[in-house]
>>> print(open('coords30.tsv').read())   # TSV, C-alpha atoms (C1' of nucleotides)
chain	number	residue	atom	x	y	z
A	1	MET	CA	-2.09	-91.68	-116.31
A	2	SER	CA	-4.70	-89.92	-114.21
A	3	ASP	CA	-7.59	-91.72	-115.88
A	4	HIS	CA	-7.77	-93.82	-112.79
A	5	ARG	CA	-8.11	-90.85	-110.46
A	6	LEU	CA	-10.56	-89.18	-112.80
A	7	GLN	CA	-12.73	-92.28	-112.90
A	8	ASP	CA	-12.61	-92.57	-109.12
A	9	ALA	CA	-13.67	-88.96	-108.78
A	10	ILE	CA	-16.52	-89.41	-111.23
A	11	ASP	CA	-17.69	-92.48	-109.34
A	12	THR	CA	-17.66	-90.51	-106.12
A	13	LEU	CA	-19.73	-87.77	-107.72
A	14	LYS	CA	-22.22	-90.23	-109.15
A	15	SER	CA	-22.70	-92.00	-105.86
A	16	SER	CA	-23.40	-88.62	-104.29
A	17	GLY	CA	-26.14	-88.05	-106.82
A	18	VAL	CA	-24.25	-85.37	-108.74
A	19	ARG	CA	-24.72	-85.20	-112.50
A	20	ILE	CA	-21.70	-85.38	-114.73
A	21	THR	CA	-22.08	-82.50	-117.15
A	22	PRO	CA	-19.47	-81.67	-119.78
A	23	GLN	CA	-18.42	-78.52	-117.93
A	24	ARG	CA	-18.19	-80.34	-114.63
A	25	HIS	CA	-16.16	-83.08	-116.21
A	26	ALA	CA	-13.80	-80.55	-117.77
A	27	VAL	CA	-13.21	-78.66	-114.54
A	28	LEU	CA	-12.53	-81.90	-112.72
A	29	GLU	CA	-10.21	-83.20	-115.40
A	30	PHE	CA	-8.29	-79.95	-115.53
A	31	LEU	CA	-7.82	-79.94	-111.77
A	32	LEU	CA	-6.64	-83.53	-111.69
A	33	ASN	CA	-4.08	-82.95	-114.41
A	34	ALA	CA	-2.94	-79.59	-113.08
A	35	MET	CA	0.54	-79.64	-111.67
A	36	THR	CA	-0.18	-76.35	-109.94
A	37	HIS	CA	-2.98	-75.24	-107.64
A	38	PRO	CA	-5.04	-73.06	-109.94
A	39	THR	CA	-7.40	-70.24	-109.07
A	40	ALA	CA	-11.01	-70.24	-110.26
A	41	ASP	CA	-10.10	-67.70	-112.89
A	42	GLU	CA	-7.19	-69.78	-114.17
A	43	ILE	CA	-9.52	-72.73	-114.58
A	44	TYR	CA	-12.05	-70.54	-116.35
A	45	LYS	CA	-9.46	-69.17	-118.76
A	46	ALA	CA	-8.01	-72.59	-119.44
A	47	LEU	CA	-11.38	-74.00	-120.46
A	48	GLU	CA	-12.49	-70.92	-122.39
A	49	SER	CA	-11.49	-72.27	-125.77
A	50	LYS	CA	-13.21	-75.60	-125.20
A	51	PHE	CA	-16.35	-74.06	-123.69
A	52	PRO	CA	-16.74	-70.56	-125.13
A	53	ASN	CA	-20.10	-70.14	-123.42
A	54	MET	CA	-19.14	-71.32	-120.00
A	55	SER	CA	-19.79	-68.91	-117.16
A	56	VAL	CA	-17.42	-68.14	-114.29
A	57	ALA	CA	-20.31	-68.98	-112.00
A	58	THR	CA	-20.20	-72.53	-113.30
A	59	VAL	CA	-16.58	-72.86	-112.29
A	60	TYR	CA	-17.33	-71.58	-108.82
A	61	ASN	CA	-20.43	-73.74	-108.50
A	62	ASN	CA	-18.58	-76.88	-109.47
A	63	LEU	CA	-15.62	-76.12	-107.27
A	64	ARG	CA	-18.01	-75.81	-104.35
A	65	VAL	CA	-19.65	-79.12	-105.22
A	66	PHE	CA	-16.26	-80.82	-105.38
A	67	LYS	CA	-15.22	-79.20	-102.13
A	68	ASP	CA	-18.38	-80.25	-100.30
A	69	ILE	CA	-17.92	-83.83	-101.41
A	70	GLY	CA	-14.27	-83.76	-100.39
A	71	LEU	CA	-12.71	-84.09	-103.82
A	72	VAL	CA	-10.82	-80.82	-103.65
A	73	ARG	CA	-9.46	-78.55	-100.98
A	74	GLU	CA	-9.63	-74.78	-101.06
A	75	LEU	CA	-6.38	-73.06	-100.21
A	76	THR	CA	-6.60	-69.49	-98.93
A	77	TYR	CA	-3.43	-67.52	-98.60
A	78	GLY	CA	-2.84	-63.86	-98.12
A	79	ASP	CA	-3.43	-62.98	-101.75
A	80	SER	CA	-6.80	-62.10	-103.17
A	81	SER	CA	-8.00	-65.35	-104.67
A	82	SER	CA	-8.45	-68.92	-103.49
A	83	ARG	CA	-6.56	-71.81	-105.00
A	84	PHE	CA	-7.85	-75.31	-105.44
A	85	ASP	CA	-6.02	-78.54	-104.81
A	86	CYS	CA	-7.39	-81.90	-105.85
A	87	ASN	CA	-4.71	-83.81	-104.03
A	88	THR	CA	-6.58	-84.73	-100.90
A	89	SER	CA	-3.92	-87.02	-99.54
A	90	ASP	CA	-2.09	-85.70	-96.51
A	91	HIS	CA	0.54	-83.22	-97.53
A	92	TYR	CA	1.72	-79.72	-96.78
A	93	HIS	CA	2.66	-76.73	-98.91
A	94	ALA	CA	5.75	-74.59	-99.33
A	95	ILE	CA	4.95	-71.16	-100.76
A	96	CYS	CA	7.39	-68.75	-102.36
A	97	ASN	CA	7.21	-65.24	-100.91
A	98	ASN	CA	8.55	-63.89	-104.18
A	99	CYS	CA	6.73	-65.59	-107.06
A	100	GLY	CA	3.90	-67.35	-105.28
A	101	LYS	CA	4.89	-70.79	-106.45
A	102	ILE	CA	3.43	-73.62	-104.38
A	103	VAL	CA	5.29	-76.88	-103.87
A	104	ASP	CA	3.85	-79.91	-102.11
A	105	PHE	CA	5.84	-81.79	-99.54
A	106	HIS	CA	5.15	-84.70	-97.27
A	107	TYR	CA	5.72	-84.81	-93.56
A	108	PRO	CA	4.38	-87.13	-90.90
A	109	SER	CA	1.04	-85.71	-89.85
A	110	LEU	CA	1.19	-83.44	-86.83
A	111	ASN	CA	-1.21	-85.40	-84.65
A	112	GLU	CA	0.65	-84.45	-81.53
A	113	VAL	CA	-0.10	-80.79	-82.12
A	114	GLU	CA	-3.78	-81.56	-82.52
A	115	SER	CA	-4.05	-83.44	-79.23
A	116	LEU	CA	-2.10	-80.78	-77.35
A	117	ALA	CA	-4.33	-78.08	-78.80
A	118	GLU	CA	-7.38	-80.03	-77.64
A	119	GLN	CA	-6.08	-80.14	-74.10
A	120	VAL	CA	-5.10	-76.49	-73.98
A	121	THR	CA	-8.05	-74.93	-75.77
A	122	GLY	CA	-10.89	-77.33	-75.03
A	123	PHE	CA	-11.58	-77.63	-78.75
A	124	ASP	CA	-12.68	-80.81	-80.44
A	125	VAL	CA	-10.11	-80.68	-83.24
A	126	SER	CA	-11.07	-81.97	-86.68
A	127	HIS	CA	-8.02	-81.10	-88.74
A	128	HIS	CA	-5.11	-78.71	-89.09
A	129	ARG	CA	-3.31	-76.77	-91.73
A	130	MET	CA	0.32	-75.88	-92.08
A	131	GLU	CA	2.50	-74.15	-94.62
A	132	VAL	CA	6.07	-73.00	-94.79
A	133	TYR	CA	6.97	-69.75	-96.53
A	134	GLY	CA	10.26	-68.81	-98.09
A	135	THR	CA	12.10	-68.35	-101.36
A	136	CYS	CA	11.96	-71.04	-104.02
A	137	SER	CA	15.18	-72.23	-105.62
A	138	LYS	CA	14.51	-70.40	-108.88
A	139	CYS	CA	13.98	-67.07	-107.14
A	140	GLN	CA	17.05	-67.71	-104.98
A	141	SER	CA	19.31	-68.02	-108.01
A	142	GLU	CA	17.72	-65.01	-109.69
A	143	MET	CA	18.35	-62.95	-106.59
A	144	ALA	CA	21.98	-64.01	-106.54
A	145	HIS	CA	22.60	-61.89	-109.64
B	1	MET	CA	-1.52	-53.21	-67.89
B	2	SER	CA	-0.58	-53.00	-71.55
B	3	ASP	CA	0.86	-49.49	-71.21
B	4	HIS	CA	4.23	-51.09	-71.43
B	5	ARG	CA	3.49	-52.86	-74.71
B	6	LEU	CA	1.84	-49.75	-76.12
B	7	GLN	CA	4.87	-47.63	-75.24
B	8	ASP	CA	7.20	-50.18	-76.79
B	9	ALA	CA	5.15	-50.20	-79.96
B	10	ILE	CA	5.13	-46.41	-80.14
B	11	ASP	CA	8.89	-46.35	-79.68
B	12	THR	CA	9.27	-48.84	-82.51
B	13	LEU	CA	7.11	-46.68	-84.75
B	14	LYS	CA	9.03	-43.52	-83.88
B	15	SER	CA	12.37	-45.11	-84.55
B	16	SER	CA	11.04	-46.16	-87.96
B	17	GLY	CA	10.19	-42.55	-88.71
B	18	VAL	CA	6.45	-43.06	-88.45
B	19	ARG	CA	4.38	-40.22	-87.04
B	20	ILE	CA	2.12	-40.84	-84.09
B	21	THR	CA	-1.25	-39.43	-84.99
B	22	PRO	CA	-4.31	-39.75	-82.76
B	23	GLN	CA	-5.96	-42.19	-85.16
B	24	ARG	CA	-2.85	-44.31	-85.42
B	25	HIS	CA	-2.49	-44.31	-81.68
B	26	ALA	CA	-6.11	-45.37	-81.25
B	27	VAL	CA	-5.87	-48.25	-83.74
B	28	LEU	CA	-2.71	-49.49	-82.08
B	29	GLU	CA	-4.14	-49.20	-78.58
B	30	PHE	CA	-7.31	-51.00	-79.61
B	31	LEU	CA	-5.36	-53.85	-81.16
B	32	LEU	CA	-3.12	-54.24	-78.13
B	33	ASN	CA	-6.05	-54.41	-75.76
B	34	ALA	CA	-8.20	-56.59	-77.98
B	35	MET	CA	-8.65	-60.06	-76.63
B	36	THR	CA	-9.82	-61.17	-80.07
B	37	HIS	CA	-8.28	-60.83	-83.51
B	38	PRO	CA	-10.43	-58.09	-85.03
B	39	THR	CA	-11.12	-57.36	-88.67
B	40	ALA	CA	-10.44	-53.93	-90.13
B	41	ASP	CA	-14.13	-53.20	-90.02
B	42	GLU	CA	-14.43	-54.17	-86.37
B	43	ILE	CA	-11.62	-51.78	-85.54
B	44	TYR	CA	-13.29	-49.07	-87.59
B	45	LYS	CA	-16.63	-49.54	-85.85
B	46	ALA	CA	-15.04	-49.67	-82.43
B	47	LEU	CA	-13.35	-46.31	-82.93
B	48	GLU	CA	-16.27	-44.66	-84.67
B	49	SER	CA	-17.57	-42.94	-81.55
B	50	LYS	CA	-14.16	-41.58	-80.62
B	51	PHE	CA	-13.26	-40.51	-84.17
B	52	PRO	CA	-16.50	-39.77	-86.01
B	53	ASN	CA	-14.61	-38.52	-89.04
B	54	MET	CA	-12.14	-41.34	-89.38
B	55	SER	CA	-12.06	-43.09	-92.73
B	56	VAL	CA	-11.89	-46.85	-93.26
B	57	ALA	CA	-8.89	-46.15	-95.45
B	58	THR	CA	-7.06	-44.85	-92.41
B	59	VAL	CA	-7.60	-48.13	-90.59
B	60	TYR	CA	-6.27	-50.08	-93.55
B	61	ASN	CA	-3.35	-47.71	-94.05
B	62	ASN	CA	-2.30	-47.98	-90.45
B	63	LEU	CA	-2.69	-51.71	-90.32
B	64	ARG	CA	-0.38	-51.94	-93.30
B	65	VAL	CA	2.16	-49.69	-91.61
B	66	PHE	CA	2.06	-51.81	-88.47
B	67	LYS	CA	2.34	-54.96	-90.51
B	68	ASP	CA	5.32	-53.71	-92.51
B	69	ILE	CA	7.15	-52.79	-89.34
B	70	GLY	CA	6.31	-56.13	-87.79
B	71	LEU	CA	4.03	-54.96	-85.01
B	72	VAL	CA	1.03	-56.93	-86.19
B	73	ARG	CA	0.34	-60.04	-88.21
B	74	GLU	CA	-2.39	-60.41	-90.77
B	75	LEU	CA	-4.39	-63.60	-90.49
B	76	THR	CA	-6.18	-64.80	-93.60
B	77	TYR	CA	-8.62	-67.62	-93.29
B	78	GLY	CA	-11.25	-68.87	-95.64
B	79	ASP	CA	-13.73	-66.16	-94.82
B	80	SER	CA	-13.93	-62.88	-96.63
B	81	SER	CA	-11.97	-60.54	-94.40
B	82	SER	CA	-8.52	-60.49	-92.84
B	83	ARG	CA	-7.99	-60.46	-89.12
B	84	PHE	CA	-5.18	-58.72	-87.29
B	85	ASP	CA	-3.13	-60.01	-84.42
B	86	CYS	CA	-0.74	-57.82	-82.48
B	87	ASN	CA	0.69	-60.71	-80.54
B	88	THR	CA	3.84	-61.28	-82.52
B	89	SER	CA	5.31	-63.79	-80.12
B	90	ASP	CA	5.37	-67.34	-81.40
B	91	HIS	CA	2.00	-68.92	-81.03
B	92	TYR	CA	-0.58	-70.80	-83.04
B	93	HIS	CA	-4.32	-70.53	-83.48
B	94	ALA	CA	-7.28	-72.84	-82.93
B	95	ILE	CA	-10.29	-71.84	-85.01
B	96	CYS	CA	-13.88	-72.91	-84.46
B	97	ASN	CA	-15.54	-74.31	-87.58
B	98	ASN	CA	-18.89	-73.31	-86.17
B	99	CYS	CA	-18.65	-69.80	-84.71
B	100	GLY	CA	-15.29	-68.65	-86.04
B	101	LYS	CA	-13.81	-68.07	-82.60
B	102	ILE	CA	-10.02	-67.93	-82.54
B	103	VAL	CA	-8.05	-69.12	-79.53
B	104	ASP	CA	-4.28	-68.77	-79.16
B	105	PHE	CA	-2.19	-71.65	-77.98
B	106	HIS	CA	1.50	-72.22	-77.49
B	107	TYR	CA	3.50	-75.08	-78.85
B	108	PRO	CA	7.22	-75.52	-79.32
B	109	SER	CA	8.03	-74.00	-82.68
B	110	LEU	CA	8.06	-76.49	-85.54
B	111	ASN	CA	11.65	-75.86	-86.62
B	112	GLU	CA	12.06	-79.45	-87.65
B	113	VAL	CA	9.35	-79.10	-90.27
B	114	GLU	CA	11.03	-76.04	-91.67
B	115	SER	CA	14.37	-77.73	-92.12
B	116	LEU	CA	12.83	-80.82	-93.67
B	117	ALA	CA	10.85	-78.66	-96.08
B	118	GLU	CA	14.08	-76.90	-97.06
B	119	GLN	CA	15.73	-80.19	-97.92
B	120	VAL	CA	12.78	-81.56	-99.84
B	121	THR	CA	11.71	-78.46	-101.73
B	122	GLY	CA	14.93	-76.50	-102.12
B	123	PHE	CA	13.25	-73.47	-100.57
B	124	ASP	CA	14.99	-71.04	-98.29
B	125	VAL	CA	12.32	-71.08	-95.59
B	126	SER	CA	11.63	-67.89	-93.64
B	127	HIS	CA	8.66	-68.87	-91.53
B	128	HIS	CA	5.64	-71.12	-91.28
B	129	ARG	CA	2.03	-70.98	-90.31
B	130	MET	CA	-0.14	-73.55	-88.62
B	131	GLU	CA	-3.67	-73.69	-87.32
B	132	VAL	CA	-5.94	-76.36	-85.94
B	133	TYR	CA	-9.63	-76.36	-86.78
B	134	GLY	CA	-12.44	-77.85	-84.77
B	135	THR	CA	-15.34	-77.07	-82.46
B	136	CYS	CA	-14.84	-74.77	-79.49
B	137	SER	CA	-16.09	-75.85	-76.08
B	138	LYS	CA	-19.06	-73.46	-76.16
B	139	CYS	CA	-20.29	-74.79	-79.50
B	140	GLN	CA	-19.72	-78.34	-78.31
B	141	SER	CA	-22.06	-77.92	-75.36
B	142	GLU	CA	-24.62	-76.11	-77.51
B	143	MET	CA	-24.57	-78.98	-79.97
B	144	ALA	CA	-25.14	-81.48	-77.19
B	145	HIS	CA	-28.69	-80.17	-76.78
C	1	DT	C1'	-43.93	-87.69	-123.53
C	2	DA	C1'	-44.56	-84.93	-119.51
C	3	DT	C1'	-42.68	-83.85	-115.32
C	4	DT	C1'	-39.34	-82.67	-112.16
C	5	DA	C1'	-35.20	-81.38	-110.39
C	6	DC	C1'	-30.81	-80.04	-111.20
C	7	DA	C1'	-27.14	-77.17	-114.17
C	8	DT	C1'	-25.78	-73.49	-116.74
C	9	DT	C1'	-25.71	-68.83	-118.23
C	10	DA	C1'	-25.23	-63.73	-118.14
C	11	DG	C1'	-25.16	-60.08	-115.69
C	12	DA	C1'	-26.16	-57.64	-111.58
C	13	DA	C1'	-24.97	-57.21	-106.86
C	14	DT	C1'	-22.09	-57.67	-102.76
C	15	DG	C1'	-18.26	-57.06	-99.80
C	16	DC	C1'	-13.44	-56.29	-98.84
C	17	DT	C1'	-9.60	-53.66	-100.00
C	18	DT	C1'	-6.90	-50.23	-102.49
C	19	DA	C1'	-6.17	-45.97	-105.35
C	20	DC	C1'	-6.59	-41.20	-105.88
C	21	DA	C1'	-6.59	-36.24	-105.23
C	22	DA	C1'	-7.44	-32.73	-102.08
C	23	DT	C1'	-7.01	-31.29	-97.51
C	24	DT	C1'	-5.18	-31.49	-92.86
C	25	DA	C1'	-1.90	-31.85	-89.39
C	26	DG	C1'	2.74	-33.67	-87.20
C	27	DT	C1'	7.62	-32.64	-86.77
C	28	DG	C1'	12.15	-30.55	-87.16
C	29	DT	C1'	14.42	-26.14	-87.73
C	30	DA	C1'	15.14	-21.13	-87.38
D	1	DT	C1'	6.82	-19.87	-81.40
D	2	DA	C1'	6.24	-19.68	-86.37
D	3	DC	C1'	7.35	-21.84	-90.77
D	4	DA	C1'	7.93	-25.11	-94.07
D	5	DC	C1'	8.20	-29.71	-95.40
D	6	DT	C1'	6.21	-33.89	-95.79
D	7	DA	C1'	3.49	-37.58	-94.20
D	8	DA	C1'	-1.24	-38.79	-92.88
D	9	DT	C1'	-6.13	-38.45	-93.29
D	10	DT	C1'	-10.39	-38.12	-95.66
D	11	DG	C1'	-14.16	-39.24	-98.88
D	12	DT	C1'	-15.08	-41.32	-102.70
D	13	DA	C1'	-14.33	-43.96	-106.67
D	14	DA	C1'	-12.52	-48.04	-108.52
D	15	DG	C1'	-10.95	-52.93	-108.58
D	16	DC	C1'	-11.39	-57.56	-107.78
D	17	DA	C1'	-13.12	-62.09	-106.34
D	18	DT	C1'	-17.10	-64.22	-105.34
D	19	DT	C1'	-22.07	-64.96	-104.91
D	20	DC	C1'	-26.87	-64.19	-106.20
D	21	DT	C1'	-30.80	-64.12	-109.28
D	22	DA	C1'	-33.81	-65.18	-112.81
D	23	DA	C1'	-34.23	-67.20	-117.13
D	24	DT	C1'	-33.05	-70.95	-119.92
D	25	DG	C1'	-31.39	-75.48	-120.85
D	26	DT	C1'	-30.78	-80.42	-120.01
D	27	DA	C1'	-30.80	-85.01	-117.94
D	28	DA	C1'	-33.43	-88.67	-115.54
D	29	DT	C1'	-37.82	-90.78	-114.35
D	30	DA	C1'	-42.49	-92.37	-114.47
>>> encode(input="coords30.tsv", output="structure tokens")
Amino acid sequence: MSDHRLQDAIDTLKSSGVRITPQRHAVLEFLLNAMTHPTADEIYKALESKFPNMSVATVYNNLRVFKDIGLVRELTYGDSSSRFDCNTSDHYHAICNNCGKIVDFHYPSLNEVESLAEQVTGFDVSHHRMEVYGTCSKCQSEMAH
Amino acid sequence: MSDHRLQDAIDTLKSSGVRITPQRHAVLEFLLNAMTHPTADEIYKALESKFPNMSVATVYNNLRVFKDIGLVRELTYGDSSSRFDCNTSDHYHAICNNCGKIVDFHYPSLNEVESLAEQVTGFDVSHHRMEVYGTCSKCQSEMAH
DNA sequence: TATTACATTAGAATGCTTACAATTAGTGTA
DNA sequence: TACACTAATTGTAAGCATTCTAATGTAATA
């Protein structure tokens, strides 16, 4: 089902002059199929069996390449490690304070906030970020007991 | 001018059963007077001359105490270290992609987003976070040359 | 095929933050 | 004020995520 997105991503890489190595392909494929927003270490562990010799550095290197090209976004929350999101379409995140689960949700882009911020701060605004924090439904029902 | 805020903060600490030590007082005072959002290390360096024997651990310990009580907020961006903000009133941040400068700005709280997110995700939302990114006016004029 | 540039690897190094155990110092009570 | 109790501080070690480095490997090109 995501063959289409994978092929698009590979085309983007190629046209940027980036080589498609097996490791790079695997990281990309894993990210595209991931329902979650994995950390670098999670990606590394997931591909360990397929690429026993792969280095963590390779994961980081490739994530940076993807990020620079705009294929993935790096999400930095309070916790220690970054998460990576290959869904570059406009969306926001809801994060569970309890279990850390991240759920995507759509909302009309907050352009108004950007233009107000420009007026007030004198910035030339390029983008914004927004998340809501709370308790996910699973944790809510567990807490009820 | 911020004696009032400092006294309020100290009262809050006392009523939470937290002792007011000289180091703690100094960290709190520095944060309240800071126009920026300093890192733990910046606070440590700033107080070095006044408290030559103070440990970095003390800065971190106290910041955590303040955070737990709700006197300060921890800001985590992409860069390596956290920043601390003692302005707990509702406001948002504009961050310069170039120099890292952080400017506060006010905007009516995005309650609507929170309630929509609750409906869509099933979360019980407690709060949200939002920032705009761009180029600050100083960097803009420097880039013009 | 030789060359060149880019990727990967393994491990060392870095930087931020926390953990730990020993010492010091506030705070409430007699 | 003096005492005792307990929290806070200190210095250092440890943990963790991430980046760096140098050597090796691999793909594309002439």
>>> residues_around(input="coords30.tsv", residues="segment 10-27 of chain D", least_positions_apart="2", cutoff="8 Å", atoms="only C-alpha atoms (C1' of nucleotides)", output="PDB file with C-alpha atoms (C1' of nucleotides), keeping the file's coordinate frame")
ATOM      1  CA  SER A  80      -6.800 -62.100-103.170  1.00  0.00           C
ATOM      2  CA  SER A  81      -8.000 -65.350-104.670  1.00  0.00           C
TER       3      SER A  81
ATOM      4  CA  ASN B  53     -14.610 -38.520 -89.040  1.00  0.00           C
ATOM      5  CA  MET B  54     -12.140 -41.340 -89.380  1.00  0.00           C
ATOM      6  CA  SER B  55     -12.060 -43.090 -92.730  1.00  0.00           C
TER       7      SER B  55
ATOM      8  C1'  DA C   7     -27.140 -77.170-114.170  1.00  0.00           C
ATOM      9  C1'  DT C   8     -25.780 -73.490-116.740  1.00  0.00           C
ATOM     10  C1'  DT C   9     -25.710 -68.830-118.230  1.00  0.00           C
ATOM     11  C1'  DA C  13     -24.970 -57.210-106.860  1.00  0.00           C
ATOM     12  C1'  DT C  14     -22.090 -57.670-102.760  1.00  0.00           C
ATOM     13  C1'  DT C  18      -6.900 -50.230-102.490  1.00  0.00           C
ATOM     14  C1'  DA C  19      -6.170 -45.970-105.350  1.00  0.00           C
ATOM     15  C1'  DT C  23      -7.010 -31.290 -97.510  1.00  0.00           C
TER      16       DT C  23
END
>>> interface_residues(input="coords30.tsv", of="chain B", to="chain D", cutoff="12 Å", atoms="all atoms listed in the file", output="compact mmCIF listing (two decimals) with C-alpha atoms, keeping the file's coordinate frame")
# COMPACT_ATOMS: atom_id res chain seq x y z
CA GLY B 17 10.19 -42.55 -88.71
CA VAL B 18 6.45 -43.06 -88.45
CA ARG B 19 4.38 -40.22 -87.04
CA ILE B 20 2.12 -40.84 -84.09
CA THR B 21 -1.25 -39.43 -84.99
CA PRO B 22 -4.31 -39.75 -82.76
CA GLN B 23 -5.96 -42.19 -85.16
CA ARG B 24 -2.85 -44.31 -85.42
CA PHE B 51 -13.26 -40.51 -84.17
CA PRO B 52 -16.50 -39.77 -86.01
CA ASN B 53 -14.61 -38.52 -89.04
CA MET B 54 -12.14 -41.34 -89.38
CA SER B 55 -12.06 -43.09 -92.73
CA VAL B 56 -11.89 -46.85 -93.26
CA ALA B 57 -8.89 -46.15 -95.45
CA THR B 58 -7.06 -44.85 -92.41
CA VAL B 59 -7.60 -48.13 -90.59
CA TYR B 60 -6.27 -50.08 -93.55
CA ASN B 61 -3.35 -47.71 -94.05
CA ASN B 62 -2.30 -47.98 -90.45
CA VAL B 65 2.16 -49.69 -91.61
CA ASP B 79 -13.73 -66.16 -94.82
CA SER B 80 -13.93 -62.88 -96.63
>>> interface_residues(input="coords30.tsv", of="chain B", to="chain A", cutoff="12 Å", atoms="all atoms listed in the file", output="PyMOL selection string")
chain B and resi 73-83+91-98+101-141
>>> write_last_selection(input="coords30.tsv", atoms="C-alpha atoms", output="PDB file, in the frame of the given file")
ATOM      1  CA  ARG B  73       0.340 -60.040 -88.210  1.00  0.00           C
ATOM      2  CA  GLU B  74      -2.390 -60.410 -90.770  1.00  0.00           C
ATOM      3  CA  LEU B  75      -4.390 -63.600 -90.490  1.00  0.00           C
ATOM      4  CA  THR B  76      -6.180 -64.800 -93.600  1.00  0.00           C
ATOM      5  CA  TYR B  77      -8.620 -67.620 -93.290  1.00  0.00           C
ATOM      6  CA  GLY B  78     -11.250 -68.870 -95.640  1.00  0.00           C
ATOM      7  CA  ASP B  79     -13.730 -66.160 -94.820  1.00  0.00           C
ATOM      8  CA  SER B  80     -13.930 -62.880 -96.630  1.00  0.00           C
ATOM      9  CA  SER B  81     -11.970 -60.540 -94.400  1.00  0.00           C
ATOM     10  CA  SER B  82      -8.520 -60.490 -92.840  1.00  0.00           C
ATOM     11  CA  ARG B  83      -7.990 -60.460 -89.120  1.00  0.00           C
ATOM     12  CA  HIS B  91       2.000 -68.920 -81.030  1.00  0.00           C
ATOM     13  CA  TYR B  92      -0.580 -70.800 -83.040  1.00  0.00           C
ATOM     14  CA  HIS B  93      -4.320 -70.530 -83.480  1.00  0.00           C
ATOM     15  CA  ALA B  94      -7.280 -72.840 -82.930  1.00  0.00           C
ATOM     16  CA  ILE B  95     -10.290 -71.840 -85.010  1.00  0.00           C
ATOM     17  CA  CYS B  96     -13.880 -72.910 -84.460  1.00  0.00           C
ATOM     18  CA  ASN B  97     -15.540 -74.310 -87.580  1.00  0.00           C
ATOM     19  CA  ASN B  98     -18.890 -73.310 -86.170  1.00  0.00           C
ATOM     20  CA  LYS B 101     -13.810 -68.070 -82.600  1.00  0.00           C
ATOM     21  CA  ILE B 102     -10.020 -67.930 -82.540  1.00  0.00           C
ATOM     22  CA  VAL B 103      -8.050 -69.120 -79.530  1.00  0.00           C
ATOM     23  CA  ASP B 104      -4.280 -68.770 -79.160  1.00  0.00           C
ATOM     24  CA  PHE B 105      -2.190 -71.650 -77.980  1.00  0.00           C
ATOM     25  CA  HIS B 106       1.500 -72.220 -77.490  1.00  0.00           C
ATOM     26  CA  TYR B 107       3.500 -75.080 -78.850  1.00  0.00           C
ATOM     27  CA  PRO B 108       7.220 -75.520 -79.320  1.00  0.00           C
ATOM     28  CA  SER B 109       8.030 -74.000 -82.680  1.00  0.00           C
ATOM     29  CA  LEU B 110       8.060 -76.490 -85.540  1.00  0.00           C
ATOM     30  CA  ASN B 111      11.650 -75.860 -86.620  1.00  0.00           C
ATOM     31  CA  GLU B 112      12.060 -79.450 -87.650  1.00  0.00           C
ATOM     32  CA  VAL B 113       9.350 -79.100 -90.270  1.00  0.00           C
ATOM     33  CA  GLU B 114      11.030 -76.040 -91.670  1.00  0.00           C
ATOM     34  CA  SER B 115      14.370 -77.730 -92.120  1.00  0.00           C
ATOM     35  CA  LEU B 116      12.830 -80.820 -93.670  1.00  0.00           C
ATOM     36  CA  ALA B 117      10.850 -78.660 -96.080  1.00  0.00           C
ATOM     37  CA  GLU B 118      14.080 -76.900 -97.060  1.00  0.00           C
ATOM     38  CA  GLN B 119      15.730 -80.190 -97.920  1.00  0.00           C
ATOM     39  CA  VAL B 120      12.780 -81.560 -99.840  1.00  0.00           C
ATOM     40  CA  THR B 121      11.710 -78.460-101.730  1.00  0.00           C
ATOM     41  CA  GLY B 122      14.930 -76.500-102.120  1.00  0.00           C
ATOM     42  CA  PHE B 123      13.250 -73.470-100.570  1.00  0.00           C
ATOM     43  CA  ASP B 124      14.990 -71.040 -98.290  1.00  0.00           C
ATOM     44  CA  VAL B 125      12.320 -71.080 -95.590  1.00  0.00           C
ATOM     45  CA  SER B 126      11.630 -67.890 -93.640  1.00  0.00           C
ATOM     46  CA  HIS B 127       8.660 -68.870 -91.530  1.00  0.00           C
ATOM     47  CA  HIS B 128       5.640 -71.120 -91.280  1.00  0.00           C
ATOM     48  CA  ARG B 129       2.030 -70.980 -90.310  1.00  0.00           C
ATOM     49  CA  MET B 130      -0.140 -73.550 -88.620  1.00  0.00           C
ATOM     50  CA  GLU B 131      -3.670 -73.690 -87.320  1.00  0.00           C
ATOM     51  CA  VAL B 132      -5.940 -76.360 -85.940  1.00  0.00           C
ATOM     52  CA  TYR B 133      -9.630 -76.360 -86.780  1.00  0.00           C
ATOM     53  CA  GLY B 134     -12.440 -77.850 -84.770  1.00  0.00           C
ATOM     54  CA  THR B 135     -15.340 -77.070 -82.460  1.00  0.00           C
ATOM     55  CA  CYS B 136     -14.840 -74.770 -79.490  1.00  0.00           C
ATOM     56  CA  SER B 137     -16.090 -75.850 -76.080  1.00  0.00           C
ATOM     57  CA  LYS B 138     -19.060 -73.460 -76.160  1.00  0.00           C
ATOM     58  CA  CYS B 139     -20.290 -74.790 -79.500  1.00  0.00           C
ATOM     59  CA  GLN B 140     -19.720 -78.340 -78.310  1.00  0.00           C
ATOM     60  CA  SER B 141     -22.060 -77.920 -75.360  1.00  0.00           C
TER      61      SER B 141
END
>>> axis_aligned_box(input="coords30.tsv", around="segment 1-10 of chain D", padding_each_side="8 Å", output="AutoDock Vina command-line options")
--center_x -1.1 --center_y -29.2 --center_z -88.6 --size_x 34.6 --size_y 35.1 --size_z 30.4
>>> closest_residue(input="coords30.tsv", among="B:Ala46, B:Leu13, B:Ala40, B:Val72", to="chain C", atoms="only C-alpha atoms (C1' of nucleotides)")
B:Ala40
>>> closest_residue(input="coords30.tsv", among="C:DA12, C:DT17, C:DT3, C:DG28", to="chain B", atoms="all atoms listed in the file")
C:DT17
